[in-house]
Number of protein chains: 4
Amino acid sequence: MTAKQKVYDELHGSKGGGLTATQRVVLVAILLGVALAIVSTEPEIPPELTRHFDRIEGVLGIIFLIEYVARVWSIGHDPVHRGVLGRLRYMVKPFAILDLVALIPFLLGWLGFETFILRILRVLRLIAISKLLRYSEAMRIVVGAVYDRRFELMFAMVLASLMILISSAALYVVEGEKQPQAFGSILRSMWWAVVTLTTVGYGDVVPQTVLGKVFAGVTALAGIGMIAMPTGILAASFSDGFAKARARAKAAAIQDEDLR
Amino acid sequence: MTAKQKVYDELHGSKGGGLTATQRVVLVAILLGVALAIVSTEPEIPPELTRHFDRIEGVLGIIFLIEYVARVWSIGHDPVHRGVLGRLRYMVKPFAILDLVALIPFLLGWLGFETFILRILRVLRLIAISKLLRYSEAMRIVVGAVYDRRFELMFAMVLASLMILISSAALYVVEGEKQPQAFGSILRSMWWAVVTLTTVGYGDVVPQTVLGKVFAGVTALAGIGMIAMPTGILAASFSDGFAKARARAKAAAIQDEDLR
Amino acid sequence: MTAKQKVYDELHGSKGGGLTATQRVVLVAILLGVALAIVSTEPEIPPELTRHFDRIEGVLGIIFLIEYVARVWSIGHDPVHRGVLGRLRYMVKPFAILDLVALIPFLLGWLGFETFILRILRVLRLIAISKLLRYSEAMRIVVGAVYDRRFELMFAMVLASLMILISSAALYVVEGEKQPQAFGSILRSMWWAVVTLTTVGYGDVVPQTVLGKVFAGVTALAGIGMIAMPTGILAASFSDGFAKARARAKAAAIQDEDLR
Amino acid sequence: MTAKQKVYDELHGSKGGGLTATQRVVLVAILLGVALAIVSTEPEIPPELTRHFDRIEGVLGIIFLIEYVARVWSIGHDPVHRGVLGRLRYMVKPFAILDLVALIPFLLGWLGFETFILRILRVLRLIAISKLLRYSEAMRIVVGAVYDRRFELMFAMVLASLMILISSAALYVVEGEKQPQAFGSILRSMWWAVVTLTTVGYGDVVPQTVLGKVFAGVTALAGIGMIAMPTGILAASFSDGFAKARARAKAAAIQDEDLR
C-alpha cells in the first residue's frame with residue numbers, strides 16, 4: 001500500500017461506513033471554524049479574545065490548506081483522476097472550487113459573514129462525502145419520505161398559501177382603517193397572517209376590533225390544520241419509509257444467507 | 001384537425017394530464033393578476049409604479065378577454081355545446097359567469113379588493129379544470145384522507161369548542177373582576193381562550209391572578225391535545241390513504257399486464 | 001302504537017341511529033340556551049336586547065319543562081320504568097336530576113354562570129343519549145384510541161411534568177435575582193415554563209440574562225418533544241383504531257352475508 | 001418467611017409488577033418532599049406556614065432515614081449482598097449514595113435548591129426500581145420508539161440546527177444595523193431564531209424591516225417543518241412499537257397455551 005493510497009483512503013474513502021480519523025479531525029476543524037464565525041460577529045467580545053480567535057483561524061487555515069493539497073495530490077490514486085490532467089479535472093469540480101474559496105478567508109485572516117456561509121456548505125459537503133452508513137441510512141429514510149410525498153406536501157403548501165392570502169385579505173378589509181400600519185394593505189397583513197397561522201404569535205400586531213378578533217380566531221384555529229396537515233403527511237410517509245427500510249434489510253439478510 | 005379543435009384542446013383539454021401551453025400562460029397571467037391585486041392595496045407604492053400596474057392590468061385584461069372569447073367559441077367543438085344555444089348554455093354555467101365577472105375590473109382598470117377574491121377563485125378553478133394528473137392524485141389523496149375521517153375530525157372540533165367554552169368561562173369567573181376589558185364576559189374571554197388553545201399566544205391578554213395563571217396553564221397544556229388530536233387523526237388517515245393509493249396503483253399495473 | 005309509545009320513541013329512542021325530530025328541537029333549544037348564557041355575561045349588551053333574551057329564556061324554559069314532563073311520563077312505556085315507582089326511579093337518576101336542576105334558572109329567569117355549566121352538561125348528555133351511530137362510531141374510535149394508549153400518554157405527561165419542573169428550577173436559579181417577580185420562586189417560574197413548553201409564548205415573562213436565554217432556548221426546543229410525543233402516540237393509536245374499525249366493519253359484513 | 005425477607009420484599013421487591021404498600025408510602029413522601037421544596041422557594045409564604053413545613057420536613061427525614069436503614073439491613077436477604085461486606089457493596093452503589101445524600105438536608109432541616117434536584121432524582125429512581133409492569137411496558141414502548149429512530153431524530157436535530165444557524169445569520173445581516181441589541185451578532189439572533197422556529201414567539205424580539213419580516217415569515221413557516229419532522233418520525237416509530245408490543249403479547253399468549 002503506497003503512501004498516496006493511504007492518504008486517498010483517509011481523505012476520500014470511508015472506514016466501515018464511518019468517518020476516517022483524518023475526516024474526523026477535519027470535521028472538528030470545520031465545526032470549530034463555524035463556531036468562530038458565529039462568535040466573531042459578537043461586538044462585545046473583548047479584543048484579547050479576538051486576537052486568540054485570529055490565531056486559531058490561522059491554524060485552521062493551515063489545516064484546511066494541507067487537507068486541500070493532500071486531497072488533490074492523493075486523488076491521483078483514483079484511476080479516473082490520474083495524472084495532472086485528472087487532478088485538474090478534480091479541481092474544477094464545484095465542491096473542490098468551494099473548498100478553495102472557503103480556504104481564502106482563513107488564510108487572509110478575514111472573519112465575516114461570507115465565510116460563515118461557506119463553512120456551512122463545507123459541513124454539508126463533508127456529511128455528504130462521508131457516506132456515514134448508519135447516519136446516511138437515517139438521512140436517506142427521512143429525505144426519501146419527504147421526497148415520496150412531495151406532491152402532497154406541495155398541495156399542503158398551496159392550501160397554506162391560500163389560507164395566508166385569505167386571512168390577510170380579510171384582516172386588511174376589517175382592520176385596515178383602524179390599524180393602517182399593521183393592516184393597511186394585504187402585503188402588510190401577510191406578516192400578521194404568517195405569524196398567526198404558524199402559531200408563532202409574536203403579539204406585535206394584534207387585531208383590535210371585534211370582527212378582526214373573530215377572523216383572527218378562525219385564522220388561529222385554521223393554523224392547527226396548517227400544522228396538522230404536513231405533520232400527518234410526514235408521519236404517514238415515515239411509516240411507509242420505515243417499513244420499506246425494514247423490507248430492504250430483510251431482503252439483504254436473505255440474500256446474504258443464500259450466498260453462504 | 002380543425003383550428004377550433006386545436007383551440008378546444010388547448011383551452012379545455014389537458015396534455016398527458018398536465019396543463020397545455022396556453023393554460024400555462026393563462027395561469028401565469030392569473031397569478032400575476034393576483035400579485036398585482038395584493039401589491040396594489042399598499043398605499044406606499046409610488047404613483048409611477050401604479051401607472052405601470054395599470055398598464056399590466058390592461059394587458060392581462062386583454063389576455064383574459066381573448067381567452068374567454070376563444071373558450072366560448074371553441075366549446076362548440078364539444079358535441080354537448082354545439083351551436084349558438086350550446087354556447088349560451090356554456091356561458092350561463094357558474095364558472096363561465098365568474099370568468100366574465102372577473103374580466104370586468106381588468107378592462108375597466110379597477111383595482112380593488114373585489115377583484116382579488118375573484119382572482120383567487122379563478123386560480124382555484126383553473127387548478128380544478130386542469131386535471132393535473134400528478135398534482136390531482138396528491139390532492140385526491142389529501143382531500144380523501146380528510147374526508148374519510150370527517151366525523152373523527154368533527155368530534156375533535158366539538159371537543160375543541162368545549163375546551164374553548166370551558167376555559168373562557170373559567171377565566172371569566174377568575175379574572176373578570178381584575179381585567180374587565182379582557183375577561184369581563186365569556187365572549188371576551190373567548191379571544192384569549194382561542195389564542196391560548198391554538199398555542200398562538202399573542203400575549204395581548206394574559207391572566208394576572210395566581211388562579212388565572214393556574215387555569216391558563218391547564219388551558220395551555222390542553223392546547224397540546226387540541227393540536228395532537230387532529231394531527232394524529234390526519235396522520236392515521238393519510239397512512240390509510242397512501243396504502244389505498246398504492247393498492248390502486250398496483251391493481252392498475254396488474255390490469256395493464258393482463259391486457260398485453 | 002299508543003301516544004305514549006310515540007312520545008317515548010321521540011324522546012328516548014333514536015331514529016336509524018340519528019336524532020329524532022323532537023331531539024333535534026331540544027338540541028337547538030339547548031344550544032340557543034348556551035349561546036344566551038354566553039352572550040348575557042357581556043356587560044355592553046343594550047338593555048332592550050337583554051329584555052328579549054329574558055323572553056327567549058322563558059320560552060326555552062317552557063320547552064325544557066314540557067320535555068322533562070313528557071320524558072318522565074313516556075318512560076313508563078319502558079317495562080323497567082313502568083308505574084309511578086318506575087318513573088320515580090327514573091327521576092332520581094343523575095341525568096334526570098340534572099335536567100330538573102337545569103330547568104330551574106330558565107323558569108326563574110336567572111341568567112348566570114351556574115346555568116352555563118348546566119347547559120354544557122346537558123349538551124354532553126344529549127350527545128350521549130342520541131346514540132348517533134355515525135357520530136358515536138367516530139367518538140368511539142377517538143375515545144378508544146386515547147384510552148388504549150392511556151399509559152403511554154400518562155408517561156408522556158410524567159415526562160412533561162419533569163420537563164416543567166426542571167426548566168422552572170433552572171430559570172429560578174438563573175433569573176431569580178434579576179426578575180424576582182417572574183422567576184423569584186420555582187412556583188413563579190412554572191408559569192413561564194408551561195407557557196414556553198406548550199409553545200404558547202405570551203411574552204409577558206421572558207428571560208433577560210444570557211444564561212437564562214440559553215436555558216429558555218433549550219426549553220423551547222424541548223417543547224417540540226412535548227408536542228411531538230403525545231401527537232405521535234395518538235397518531236399511532238388512531239392508526240390502530242381505524243384498522244380495528246375496518247376489521248369490525250368487515251367482520252360484520254361477512255356475518256351479514258352468512259345470514260342470507 | 002423471616003422478618004428480613006418480608007422487609008426485603010416490601011422495599012426491594014415488587015408485588016405483581018406494582019409498588020408494594022411501603023414503596024407507595026415512600027413515593028408519597030418523596031412527592032410531598034418535592035412539593036415542599038418547590039413551595040419553600042416562594043418568598044411570600046408566611047413564616048407560620050414555613051414553620052409547619054420545617055416540621056413536615058423533619059417527619060419526612062425520619063421516614064427516609066428509617067427506609068434507608070431498613071433497605072440496607074434487608075438487602076442482606078439477597079445472596080449477592082449477604083453479610084457486612086455485601087451491605088457495604090450495596091451502600092457504595094451510586095443510587096444508595098444518592099439516597100444517603102438526599103437524606104442529609106431533611107435531617108439538618110435545610111430546604112434549598114440542592115435538595116430539589118436530589119428529590120427529583122429520587123422520584124426517577126423509585127420509578128425505575130418499582131418495575132411497575134403496566135407502566136414500564138408503556139415506558140418501554142415510548143423509550144424504545146424514540147431509541148429505535150434515534151438516528152432519524154438526530155438527523156432532524158441536525159436539520160433544525162442548520163435552520164437555526166441560517167435564519168440567525170440571515171437576520172443578523174438584515175436587522176443587525178436596525179436592532180443591534182437583538183440582532184447585532186449571530187449569537188444574539190439565535191435567541192430570536194429558536195423562539196421563532198419552535199413557534200413559541202414571545203414577541204420580545206421582532207424584526208422591523210420589510211426584508212427582516214420576509215425572512216422571519218419564511219423562518220416561521222420552516223418552523224412548521226421543524227415540528228412536523230420529529231412528530232412524524234415519532235408517530236411512525238410509535239406505530240411500529242405498538243405493533244411489536246402486540247406481536248410480543250401474542251407470542252407470549254401462544255407460548256402460554258403451548259405450555260398447558
# chains A, B, ... in the order shown; residues from 1 in each chain; ligands from 1
call {"tool": "select_by_dssp", "arguments": {"residues": "segment 170-234 of chain C", "states": "alpha helix (DSSP H)", "output": "PyMOL selection string"}}
result
chain C and resi 170-175+180-183+186-197+210-234
call {"tool": "calpha_fit_rmsd", "arguments": {"fixed": "chain B", "moving": "chain C"}}
result
0.1 Å
call {"tool": "atom_distance", "arguments": {"atom1": "atom CA of Ile227 of chain C", "atom2": "atom CA of Lys213 of chain D"}}
result
26.4 Å
call {"tool": "closest_atom_pairs", "arguments": {"of": "chain C", "to": "chain A", "cutoff": "12 Å", "atoms": "only C-alpha atoms", "output": "tab-separated table"}}
result
residue	atom	partner	partner_atom	distance
C:Thr196	CA	A:Val200	CA	11.5
C:Thr198	CA	A:Thr199	CA	11.2
C:Thr199	CA	A:Val200	CA	8.0
C:Val200	CA	A:Val200	CA	7.8
C:Gly201	CA	A:Gly201	CA	7.8
C:Tyr202	CA	A:Tyr202	CA	7.7
C:Gly203	CA	A:Tyr202	CA	7.7
C:Asp204	CA	A:Gly203	CA	10.3
C:Ile227	CA	A:Thr231	CA	11.6
C:Ala228	CA	A:Thr231	CA	9.6
C:Thr231	CA	A:Thr231	CA	9.5
C:Gly232	CA	A:Ala235	CA	8.1
C:Ile233	CA	A:Ala235	CA	11.2
C:Leu234	CA	A:Gly232	CA	11.3
C:Ala235	CA	A:Gly232	CA	8.1
C:Ala236	CA	A:Ala235	CA	9.2
C:Phe238	CA	A:Gly232	CA	11.6
C:Ser239	CA	A:Ala236	CA	9.6
call {"tool": "closest_residue", "arguments": {"among": "B:Ile30, B:Val158, B:Val101, B:Arg188", "to": "Tyr172 of chain B", "atoms": "only C-alpha atoms"}}
result
B:Arg188
call {"tool": "residues_around", "arguments": {"residues": "segment 73-80 of chain A", "least_positions_apart": "6", "cutoff": "9 Å", "atoms": "only C-alpha atoms", "output": "list in words"}}
result
Ala3, Lys4, Gln5, Lys6, Val7, Tyr8, Asp9, Leu11, His12, Gly86, Arg87 and Tyr90 of chain A
call {"tool": "atom_distance", "arguments": {"atom1": "atom CA of Leu49 of chain A", "atom2": "atom CA of Gly33 of chain A"}}
result
15.1 Å
call {"tool": "residues_around", "arguments": {"residues": "Ala245 of chain A", "least_positions_apart": "4", "cutoff": "9 Å", "atoms": "only C-alpha atoms", "output": "ChimeraX atom specification"}}
result
/A:137,141,240-241,249-250
call {"tool": "closest_residue", "arguments": {"among": "B:Val194, B:Leu27, B:Val39, B:Met154", "to": "Val218 of chain A", "atoms": "only C-alpha atoms"}}
result
B:Val194
call {"tool": "atom_distance", "arguments": {"atom1": "atom CA of Glu10 of chain D", "atom2": "atom CA of Ala96 of chain D"}}
result
16.8 Å
call {"tool": "closest_residue", "arguments": {"among": "A:Glu152, A:Glu177, A:Asp99, A:Asp256", "to": "Ile66 of chain A", "atoms": "only C-alpha atoms"}}
result
A:Asp99
